[in-house]
>>> print(open('entry-v4.txt').read())   # compact mmCIF, C-alpha atoms and all ligand atoms
# COMPACT_ATOMS: atom_id res chain seq x y z
CA MET A 15 22.10 -2.03 -25.28
CA THR A 16 20.45 -2.10 -21.88
CA THR A 17 16.84 -1.04 -22.27
CA ALA A 18 14.30 0.40 -19.86
CA ARG A 19 12.69 -3.04 -19.75
CA ASP A 20 16.00 -4.59 -18.62
CA VAL A 21 16.29 -1.93 -15.92
CA LEU A 22 12.79 -2.66 -14.60
CA ASP A 23 13.47 -6.41 -14.70
CA ARG A 24 16.61 -5.88 -12.64
CA CYS A 25 14.71 -3.83 -10.08
CA ALA A 26 12.26 -6.74 -9.82
CA GLU A 27 15.18 -9.16 -9.41
CA LEU A 28 16.48 -7.14 -6.46
CA ASP A 29 13.07 -7.52 -4.78
CA ARG A 30 14.08 -11.13 -4.06
CA PHE A 31 16.55 -9.96 -1.43
CA THR A 32 14.22 -9.16 1.41
CA ALA A 33 14.07 -10.00 5.10
CA THR A 34 10.26 -10.00 5.18
CA PRO A 35 8.77 -11.66 2.05
CA PRO A 36 6.45 -10.91 0.35
CA GLN A 37 7.17 -7.40 1.61
CA LEU A 38 10.45 -5.74 0.71
CA GLU A 39 12.81 -4.76 3.47
CA ARG A 40 16.57 -4.70 2.95
CA VAL A 41 18.61 -3.03 5.65
CA TYR A 42 22.23 -2.16 6.20
CA LEU A 43 24.68 -5.01 6.84
CA SER A 44 22.04 -7.73 6.50
CA ARG A 45 22.26 -10.98 4.51
CA GLU A 46 20.00 -9.37 1.92
CA HIS A 47 22.37 -6.42 1.68
CA ALA A 48 25.22 -8.82 0.88
CA SER A 49 23.11 -10.59 -1.77
CA ALA A 50 22.03 -7.34 -3.42
CA ASN A 51 25.65 -6.18 -3.52
CA ALA A 52 26.71 -9.47 -5.10
CA VAL A 53 24.10 -9.25 -7.85
CA ALA A 54 24.72 -5.55 -8.50
CA GLY A 55 28.44 -6.36 -8.61
CA ARG A 56 27.82 -9.04 -11.23
CA TRP A 57 25.84 -6.56 -13.38
CA MET A 58 28.63 -4.03 -12.97
CA GLU A 59 31.16 -6.57 -14.20
CA GLU A 60 28.98 -7.37 -17.21
CA ALA A 61 29.03 -3.62 -17.95
CA GLY A 62 32.82 -3.73 -18.06
CA LEU A 63 33.52 -2.37 -14.59
CA ARG A 64 36.09 -3.59 -12.07
CA THR A 65 34.19 -4.12 -8.83
CA TRP A 66 34.72 -4.06 -5.08
CA GLN A 67 32.80 -3.57 -1.88
CA ASP A 68 34.21 -0.62 0.03
CA ALA A 69 34.98 -0.42 3.74
CA ALA A 70 31.44 0.74 4.56
CA GLY A 71 29.65 -1.95 2.52
CA ASN A 72 28.97 0.25 -0.52
CA GLN A 73 29.05 -1.71 -3.79
CA CYS A 74 31.38 -0.03 -6.29
CA GLY A 75 32.43 -0.51 -9.90
CA ARG A 76 34.98 1.42 -11.91
CA ARG A 77 36.20 1.76 -15.44
CA GLU A 78 39.30 3.81 -16.13
CA GLY A 79 39.14 6.83 -18.41
CA ALA A 80 41.52 7.93 -21.14
CA ALA A 81 44.41 7.30 -18.74
CA PRO A 82 44.53 5.14 -15.61
CA GLY A 83 43.97 6.84 -12.25
CA LEU A 84 41.98 9.86 -13.45
CA PRO A 85 39.44 11.42 -11.04
CA ALA A 86 36.08 9.66 -11.19
CA LEU A 87 32.58 10.69 -12.06
CA LEU A 88 30.38 8.77 -9.62
CA VAL A 89 26.91 7.71 -10.73
CA GLY A 90 24.57 5.81 -8.48
CA SER A 91 22.07 5.70 -5.64
CA HIS A 92 21.26 3.28 -2.79
CA LEU A 93 20.37 -0.41 -2.47
CA ASP A 94 18.80 -0.38 1.01
CA THR A 95 15.10 0.14 1.68
CA VAL A 96 12.56 1.21 4.28
CA PRO A 97 10.25 -1.50 5.72
CA ASP A 98 7.49 -2.58 3.29
CA ALA A 99 9.22 -0.64 0.55
CA GLY A 100 8.62 -0.15 -3.14
CA SER A 101 11.01 -1.50 -5.77
CA TYR A 102 12.46 1.73 -7.11
CA ASP A 103 13.51 4.16 -4.38
CA GLY A 104 17.29 3.93 -4.68
CA MET A 105 17.54 0.71 -6.69
CA LEU A 106 16.34 2.37 -9.89
CA GLY A 107 19.21 4.86 -9.73
CA VAL A 108 21.81 2.13 -9.21
CA VAL A 109 20.47 -0.08 -12.00
CA MET A 110 20.19 2.92 -14.35
CA ALA A 111 23.79 3.89 -13.58
CA ILE A 112 24.93 0.36 -14.46
CA ALA A 113 22.90 0.52 -17.68
CA VAL A 114 24.54 3.82 -18.64
CA ALA A 115 28.00 2.36 -17.94
CA GLN A 116 27.05 -0.54 -20.20
CA ARG A 117 25.93 1.81 -22.97
CA LEU A 118 29.15 3.82 -22.73
CA ARG A 119 31.51 0.88 -22.33
CA ASP A 120 33.35 1.48 -25.59
CA ARG A 121 33.47 5.24 -25.27
CA GLU A 122 36.70 6.83 -24.07
CA LEU A 123 35.98 9.33 -21.29
CA PRO A 124 38.21 12.05 -19.77
CA PHE A 125 37.50 10.65 -16.30
CA ALA A 126 37.06 7.28 -14.66
CA LEU A 127 33.42 6.23 -14.58
CA GLU A 128 32.32 4.75 -11.27
CA VAL A 129 28.98 3.26 -10.37
CA ILE A 130 28.01 3.10 -6.72
CA GLY A 131 25.24 1.32 -4.84
CA PHE A 132 25.16 2.95 -1.42
CA SER A 133 24.69 0.59 1.48
CA ASP A 134 22.57 2.70 3.79
CA GLU A 135 20.56 5.73 2.83
CA GLU A 136 17.30 5.18 4.68
CA GLY A 137 18.69 4.56 8.14
CA THR A 138 16.10 1.82 8.68
CA ARG A 139 18.26 -0.43 10.83
CA PHE A 140 20.22 1.96 13.05
CA GLY A 141 17.95 5.01 12.96
CA LYS A 142 20.65 7.10 11.32
CA ALA A 143 20.31 7.88 7.63
CA LEU A 144 23.03 8.22 4.96
CA LEU A 145 25.62 6.01 6.67
CA GLY A 146 26.99 4.67 3.36
CA SER A 147 27.32 8.03 1.66
CA GLN A 148 28.66 9.72 4.80
CA ALA A 149 31.42 7.11 4.94
CA LEU A 150 32.26 7.99 1.33
CA ALA A 151 32.28 11.68 2.23
CA GLY A 152 34.64 10.93 5.13
CA VAL A 153 32.37 12.32 7.84
CA TRP A 154 32.00 9.17 9.94
CA GLU A 155 31.62 9.88 13.67
CA GLU A 156 33.02 7.62 16.39
CA ASP A 157 29.86 7.60 18.54
CA TRP A 158 27.87 6.02 15.69
CA TRP A 159 29.50 2.69 16.55
CA ASP A 160 27.23 2.43 19.59
CA LEU A 161 24.01 2.87 17.60
CA ARG A 162 21.83 -0.21 18.11
CA ASP A 163 19.26 -1.95 15.94
CA ARG A 164 15.96 -3.21 17.41
CA ASP A 165 17.65 -6.44 18.52
CA GLY A 166 20.31 -4.54 20.43
CA VAL A 167 23.09 -5.25 17.90
CA THR A 168 25.50 -2.33 17.70
CA LEU A 169 26.73 -0.90 14.44
CA HIS A 170 30.19 -2.05 15.48
CA GLN A 171 29.04 -5.67 15.90
CA ALA A 172 27.07 -5.53 12.66
CA PHE A 173 30.20 -4.44 10.78
CA LEU A 174 32.12 -7.42 12.14
CA GLU A 175 29.28 -9.86 11.39
CA PHE A 176 29.11 -8.55 7.82
CA GLY A 177 32.84 -9.14 7.44
CA LEU A 178 33.86 -5.49 7.55
CA ASP A 179 36.58 -4.10 9.78
CA PRO A 180 35.29 -1.08 11.75
CA ARG A 181 38.84 0.25 12.10
CA ARG A 182 39.09 0.57 8.34
CA VAL A 183 35.86 2.49 7.65
CA GLY A 184 37.97 5.57 6.86
CA GLU A 185 39.18 3.77 3.73
CA ALA A 186 35.73 4.29 2.19
CA ALA A 187 36.33 8.06 2.23
CA ARG A 188 37.00 9.74 -1.11
CA ARG A 189 38.97 12.95 -1.39
CA PRO A 190 37.63 15.82 -3.52
CA ASP A 191 40.64 15.57 -5.86
CA GLU A 192 39.77 11.93 -6.66
CA LEU A 193 36.34 12.93 -7.91
CA VAL A 194 34.82 14.89 -10.77
CA GLY A 195 31.30 14.90 -9.35
CA TYR A 196 28.30 12.74 -8.54
CA LEU A 197 25.14 12.15 -10.56
CA GLU A 198 22.10 10.40 -9.17
CA ALA A 199 18.87 9.38 -10.85
CA HIS A 200 15.96 8.84 -8.47
CA ILE A 201 12.19 8.65 -8.56
CA GLU A 202 10.69 11.97 -7.55
CA GLN A 203 8.75 10.61 -4.54
CA GLY A 204 6.23 13.37 -5.07
CA PRO A 205 3.49 14.32 -7.56
CA TYR A 206 4.96 17.41 -9.23
CA LEU A 207 6.30 15.86 -12.45
CA GLU A 208 3.13 13.87 -12.92
CA ALA A 209 1.04 17.01 -12.42
CA GLU A 210 3.11 18.72 -15.13
CA ASP A 211 2.90 15.68 -17.40
CA ARG A 212 6.69 15.35 -17.61
CA SER A 213 8.88 12.27 -17.56
CA LEU A 214 11.89 13.99 -16.05
CA GLY A 215 13.07 16.93 -13.99
CA TYR A 216 16.38 18.24 -12.66
CA VAL A 217 16.98 18.92 -9.01
CA THR A 218 18.00 22.41 -7.92
CA THR A 219 18.67 21.69 -4.27
CA ILE A 220 17.99 19.02 -1.68
CA ALA A 221 16.18 20.35 1.35
CA GLY A 222 17.74 19.94 4.74
CA ALA A 223 15.25 19.17 7.47
CA ARG A 224 15.15 20.50 11.00
CA ARG A 225 13.34 18.36 13.50
CA PHE A 226 12.06 19.31 16.90
CA ARG A 227 10.37 17.86 19.89
CA LEU A 228 7.86 20.34 21.28
CA SER A 229 6.66 19.67 24.83
CA PHE A 230 3.50 21.36 26.10
CA ILE A 231 3.43 21.31 29.85
CA GLY A 232 0.24 22.02 31.76
CA GLU A 233 -1.39 20.33 34.70
CA ALA A 234 -3.12 16.95 35.02
CA ARG A 235 -6.39 17.22 36.97
CA HIS A 236 -9.72 15.53 37.36
CA ALA A 237 -11.72 15.60 34.11
CA GLY A 238 -15.01 16.04 35.94
CA GLY A 239 -14.16 18.33 38.80
CA THR A 240 -12.05 20.95 37.07
CA PRO A 241 -13.88 23.89 35.47
CA TYR A 242 -12.52 25.29 32.21
CA SER A 243 -11.31 28.42 33.93
CA ARG A 244 -8.93 26.29 36.04
CA ARG A 245 -7.65 23.99 33.27
CA ARG A 246 -4.19 23.99 31.76
CA ASP A 247 -4.81 21.33 29.14
CA ALA A 248 -1.57 20.41 27.39
CA LEU A 249 -3.23 18.41 24.61
CA VAL A 250 -5.54 21.23 23.55
CA GLY A 251 -2.49 23.51 23.43
CA ALA A 252 -0.60 20.97 21.30
CA SER A 253 -3.62 20.56 19.01
CA GLU A 254 -3.83 24.30 18.50
CA ALA A 255 -0.13 24.29 17.61
CA ILE A 256 -0.57 21.44 15.10
CA VAL A 257 -3.31 23.32 13.25
CA LEU A 258 -1.30 26.54 13.36
CA ILE A 259 1.78 24.76 11.97
CA GLU A 260 -0.19 23.40 9.05
CA ARG A 261 -1.88 26.72 8.32
CA ARG A 262 1.38 28.69 8.29
CA ALA A 263 3.25 26.10 6.22
CA ARG A 264 0.43 25.88 3.66
CA ALA A 265 0.61 29.62 3.14
CA SER A 266 4.37 29.41 2.50
CA ASP A 267 6.83 27.37 0.41
CA CYS A 268 7.79 25.31 3.47
CA ILE A 269 6.64 21.82 4.34
CA ALA A 270 5.91 21.14 7.99
CA THR A 271 4.71 17.86 9.44
CA VAL A 272 3.71 16.74 12.90
CA GLY A 273 4.06 12.98 12.76
CA ARG A 274 4.00 11.94 16.39
CA ILE A 275 2.10 12.83 19.51
CA GLU A 276 2.39 11.50 23.05
CA VAL A 277 0.04 12.48 25.83
CA GLN A 278 0.49 12.09 29.56
CA PRO A 279 -0.97 10.67 31.65
CA GLY A 280 -3.06 9.44 28.71
CA ALA A 281 -6.13 8.57 30.74
CA ILE A 282 -9.74 9.04 29.65
CA ASN A 283 -10.75 10.88 32.80
CA VAL A 284 -7.67 13.05 33.37
CA ILE A 285 -6.92 16.41 31.79
CA PRO A 286 -3.67 15.96 29.85
CA GLY A 287 -0.78 17.38 31.86
CA ARG A 288 1.78 17.02 29.15
CA ALA A 289 1.80 16.57 25.38
CA ASP A 290 4.88 16.05 23.20
CA ILE A 291 4.76 16.46 19.46
CA SER A 292 7.37 16.08 16.74
CA LEU A 293 7.89 18.68 14.05
CA ASP A 294 9.67 18.09 10.74
CA LEU A 295 10.36 21.30 8.83
CA ARG A 296 11.77 21.59 5.28
CA ALA A 297 12.19 24.23 2.60
CA ALA A 298 14.23 24.86 -0.53
CA THR A 299 16.63 27.07 1.40
CA ASP A 300 17.80 27.02 4.99
CA ASP A 301 16.84 30.70 5.35
CA GLU A 302 13.20 30.13 4.41
CA ARG A 303 13.03 27.16 6.74
CA ASP A 304 14.66 28.98 9.64
CA LEU A 305 12.45 32.02 9.21
CA MET A 306 9.39 29.78 9.31
CA TRP A 307 10.63 28.18 12.51
CA THR A 308 11.19 31.55 14.18
CA MET A 309 7.65 32.59 13.30
CA LEU A 310 6.09 29.29 14.38
CA ARG A 311 7.94 29.30 17.66
CA SER A 312 6.81 32.76 18.66
CA GLU A 313 3.19 32.08 17.69
CA ILE A 314 3.15 28.78 19.57
CA GLU A 315 4.69 30.43 22.60
CA ARG A 316 2.01 33.11 22.54
CA ALA A 317 -0.75 30.50 22.30
CA CYS A 318 0.81 28.58 25.19
CA ALA A 319 0.97 31.69 27.35
CA GLN A 320 -2.75 32.26 26.81
CA ARG A 321 -3.49 28.74 28.07
CA GLY A 322 -1.10 28.86 31.00
CA LEU A 323 1.13 26.24 29.38
CA ARG A 324 4.88 26.09 29.35
CA LEU A 325 6.60 25.22 26.07
CA GLU A 326 9.87 23.30 25.95
CA VAL A 327 11.69 22.92 22.65
CA ARG A 328 14.41 20.45 21.81
CA GLU A 329 15.99 20.29 18.37
CA THR A 330 16.63 16.64 17.47
CA HIS A 331 18.01 16.97 13.94
CA HIS A 332 19.48 19.76 11.86
CA ALA A 333 20.69 19.28 8.28
CA SER A 334 21.65 21.98 5.83
CA ALA A 335 20.21 22.09 2.34
CA MET A 336 22.56 20.74 -0.32
CA PRO A 337 22.38 22.74 -3.54
CA CYS A 338 23.11 20.87 -6.76
CA ALA A 339 26.14 22.37 -8.53
CA PRO A 340 24.97 24.70 -11.33
CA TRP A 341 27.24 23.00 -13.90
CA LEU A 342 25.82 19.58 -13.05
CA GLN A 343 22.28 20.98 -13.11
CA GLU A 344 23.10 22.15 -16.63
CA ALA A 345 24.46 18.73 -17.60
CA VAL A 346 21.25 17.10 -16.34
CA MET A 347 19.14 19.73 -18.16
CA ALA A 348 21.03 19.00 -21.38
CA GLY A 349 20.27 15.33 -20.79
CA ILE A 350 16.56 16.06 -20.39
CA ARG A 351 16.55 18.27 -23.51
CA SER A 352 18.05 15.41 -25.50
CA THR A 353 14.84 13.46 -24.81
CA GLY A 354 12.70 16.11 -26.51
CA ASP A 355 11.71 18.17 -23.46
CA ASP A 356 12.92 21.62 -24.54
CA ASP A 357 12.16 23.37 -21.30
CA PRO A 358 13.21 21.10 -18.44
CA VAL A 359 11.54 21.68 -15.11
CA GLY A 360 13.63 22.17 -11.98
CA LEU A 361 12.45 20.91 -8.59
CA TRP A 362 13.80 21.12 -5.09
CA SER A 363 13.91 17.76 -3.44
CA ARG A 364 11.70 17.57 -0.37
CA ALA A 365 13.20 14.17 0.45
CA GLY A 366 16.75 13.48 1.57
CA HIS A 367 19.18 11.67 -0.75
CA ASP A 368 22.71 10.25 -0.79
CA ALA A 369 23.70 13.33 -2.78
CA MET A 370 23.31 15.38 0.42
CA ALA A 371 26.23 13.54 1.98
CA VAL A 372 28.25 13.07 -1.22
CA GLY A 373 27.99 16.84 -1.70
CA LEU A 374 30.31 17.29 1.26
CA THR A 375 33.18 15.90 -0.83
CA THR A 376 32.28 16.67 -4.47
CA ASP A 377 29.76 18.49 -6.69
CA VAL A 378 26.39 16.77 -7.06
CA GLY A 379 23.58 16.74 -9.61
CA MET A 380 20.29 14.83 -9.65
CA LEU A 381 17.79 13.65 -12.23
CA PHE A 382 14.22 12.97 -11.08
CA LEU A 383 11.89 10.52 -12.80
CA ARG A 384 8.12 10.80 -12.64
CA CYS A 385 6.66 8.52 -10.02
CA HIS A 386 3.13 7.18 -10.24
CA ASP A 387 0.71 9.17 -8.09
CA GLY A 388 3.65 10.56 -6.11
CA ILE A 389 3.69 7.33 -4.06
CA SER A 390 6.95 6.23 -2.45
CA HIS A 391 8.11 4.31 0.62
CA HIS A 392 5.20 2.02 -0.19
CA PRO A 393 4.82 -1.25 -2.17
CA GLU A 394 2.69 0.56 -4.75
CA GLU A 395 5.63 2.76 -5.72
CA ASP A 396 5.71 2.63 -9.51
CA VAL A 397 7.55 4.06 -12.47
CA ARG A 398 6.69 3.84 -16.16
CA GLU A 399 8.88 2.14 -18.74
CA LEU A 400 8.51 5.20 -20.95
CA ASP A 401 9.98 7.42 -18.22
CA VAL A 402 12.82 5.01 -17.47
CA SER A 403 13.62 4.96 -21.16
CA ALA A 404 13.80 8.78 -21.24
CA GLY A 405 15.72 8.72 -17.97
CA LEU A 406 18.38 6.39 -19.37
CA ASP A 407 18.87 8.60 -22.43
CA ALA A 408 19.05 11.71 -20.24
CA LEU A 409 21.50 10.21 -17.77
CA GLU A 410 23.75 8.94 -20.56
CA ARG A 411 23.66 12.38 -22.21
CA ALA A 412 24.39 14.07 -18.86
CA VAL A 413 27.52 11.91 -18.43
CA LEU A 414 28.65 12.93 -21.93
CA GLU A 415 27.97 16.60 -21.11
CA VAL A 416 30.21 16.26 -18.08
CA ALA A 417 32.84 14.71 -20.35
CA ALA A 418 32.56 17.61 -22.80
CA ARG A 419 33.04 20.14 -19.99
CA ILE A 420 36.02 18.29 -18.55
CA GLU A 421 37.61 18.13 -22.00
CA VAL A 422 37.14 21.86 -22.55
CA SER A 423 38.60 22.76 -19.15
CA ALA A 424 41.56 20.34 -19.51
ZN ZN A 501 16.01 7.01 -1.99
>>> encode(input="entry-v4.txt", output="structure tokens")
Amino acid sequence: MTTARDVLDRCAELDRFTATPPQLERVYLSREHASANAVAGRWMEEAGLRTWQDAAGNQCGRREGAAPGLPALLVGSHLDTVPDAGSYDGMLGVVMAIAVAQRLRDRELPFALEVIGFSDEEGTRFGKALLGSQALAGVWEEDWWDLRDRDGVTLHQAFLEFGLDPRRVGEAARRPDELVGYLEAHIEQGPYLEAEDRSLGYVTTIAGARRFRLSFIGEARHAGGTPYSRRRDALVGASEAIVLIERRARASDCIATVGRIEVQPGAINVIPGRADISLDLRAATDDERDLMWTMLRSEIERACAQRGLRLEVRETHHASAMPCAPWLQEAVMAGIRSTGDDDPVGLWSRAGHDAMAVGLTTDVGMLFLRCHDGISHHPEEDVRELDVSAGLDALERAVLEVAARIEVSA
């Protein structure tokens, strides 16, 4: 039986495939991506799966169910990373899925069991997240081919260099009738489970972010000669907005972050004439998030008017929340209960996941594992063997719950 220790050892083994040792960075369509796929493919074969790399570079493995050609339950996560990453974001879910396939290899299931290691979740190389899972969901867009990495290589060229045929990317798409659902185990990437002293939690919904560029436009003038009564200082206006955004978000269930600021002309002796800030806004539901945005916008506009500033708003990203299917939430809860936690805790995911894209083609459910100090996207990302052990039991049980439901409905 594959143990939690084996899972952690495999995560460590995947750390070898990095572009920037000793740091971990493994991006889409890189040499390291190919190596990670090869090793994950070998583990999948050892678990009794037939393997292939799909037309978007996702690593797949499949075992037929009670009859050949049945719809598949997908279990997995992603194998790519951010720069200077930790060892578990994504990889843990893939390696756990393989371990569960191994544990269930002699069990007849009423569906095909497929394990998937998605090729691009983070969007590190081309600045566009969820490419692998969007290909699987069949929502690939033609203009993505012109996306470029920092060396100017287009996504189209990168496909060819990796040995993939861009014209065939549609073959990675899976129709809803080929699938039973998708389960993903992932580290929480936040501190909530740790604060509750729990190993595991189930995900209720995955937040969709809206992102904006807010431009505060005033007037650049001499820093010495201009009295306050004549100033239209864009940076002070932006600063006021940043504090207001935090204050309003803190008092709500939304999460709002200003991560970037640019000031023009950016000189020590010139009053800032223009300041641009980013805003990332998330909540459990799209309604809560959108309501927060409406409120923030009107308050920021009012503050700008008082300072003689003009506000320009551009929305740069808009994703809808992806709720986990109630029946898969229940399967994951049953899994968690089987580990001795009688009252499983549900969380909404503040971070994006492959399940957001997969949810466009089939039902999704997610299992969160406690993550040390809530740290993620960082080399100190850590997960305890005890929690992985519980996670494996829960994920295996969740797969069997899905089987039980399929059998009843058949
Ligand atoms: Zn992830």
>>> atom_distance(input="entry-v4.txt", atom1="CA of Tyr242 in chain A", atom2="CA of Ile282 in chain A")
16.7 Å
>>> residues_near_ligand(input="entry-v4.txt", ligand="ligand ZN 501 (chain A)", cutoff="12 Å", atoms="all atoms listed in the file", output="PyMOL selection string")
chain A and resi 90-96+99-108+131-138+143-144+147+198-203+363-370+380+382+390-391+395
>>> closest_residue(input="entry-v4.txt", among="A:Leu197, A:Leu207, A:Leu145, A:Val327", to="Ser229 in chain A", atoms="all atoms listed in the file")
A:Val327
>>> closest_residue(input="entry-v4.txt", among="A:Ala335, A:Ile285, A:Ala255, A:Ala209", to="Asp387 in chain A", atoms="only C-alpha atoms")
A:Ala209
>>> atom_distance(input="entry-v4.txt", atom1="CA of Val272 in chain A", atom2="CA of Met306 in chain A")
14.7 Å
>>> atom_distance(input="entry-v4.txt", atom1="CA of Val284 in chain A", atom2="CA of Arg227 in chain A")
23.0 Å
>>> decode(input="entry-v4.txt", residues="range 370-383 of chain A", atoms="C-alpha atoms", output="short mmCIF file (atom, residue, chain, number, x, y, z; two decimals), in the first residue's frame")
data_model
loop_
_atom_site.label_atom_id
_atom_site.label_comp_id
_atom_site.auth_asym_id
_atom_site.auth_seq_id
_atom_site.Cartn_x
_atom_site.Cartn_y
_atom_site.Cartn_z
CA MET A 370 -12.57 25.91 -11.66
CA ALA A 371 -11.94 25.03 -15.29
CA VAL A 372 -12.82 21.33 -15.03
CA GLY A 373 -16.15 22.42 -13.54
CA LEU A 374 -17.12 23.76 -16.96
CA THR A 375 -17.38 20.18 -18.25
CA THR A 376 -18.19 18.03 -15.19
CA ASP A 377 -19.06 18.19 -11.47
CA VAL A 378 -16.14 18.96 -9.16
CA GLY A 379 -15.28 18.33 -5.51
CA MET A 380 -12.20 19.26 -3.50
CA LEU A 381 -10.44 18.05 -0.38
CA PHE A 382 -8.16 20.49 1.46
CA LEU A 383 -5.22 19.42 3.60
#
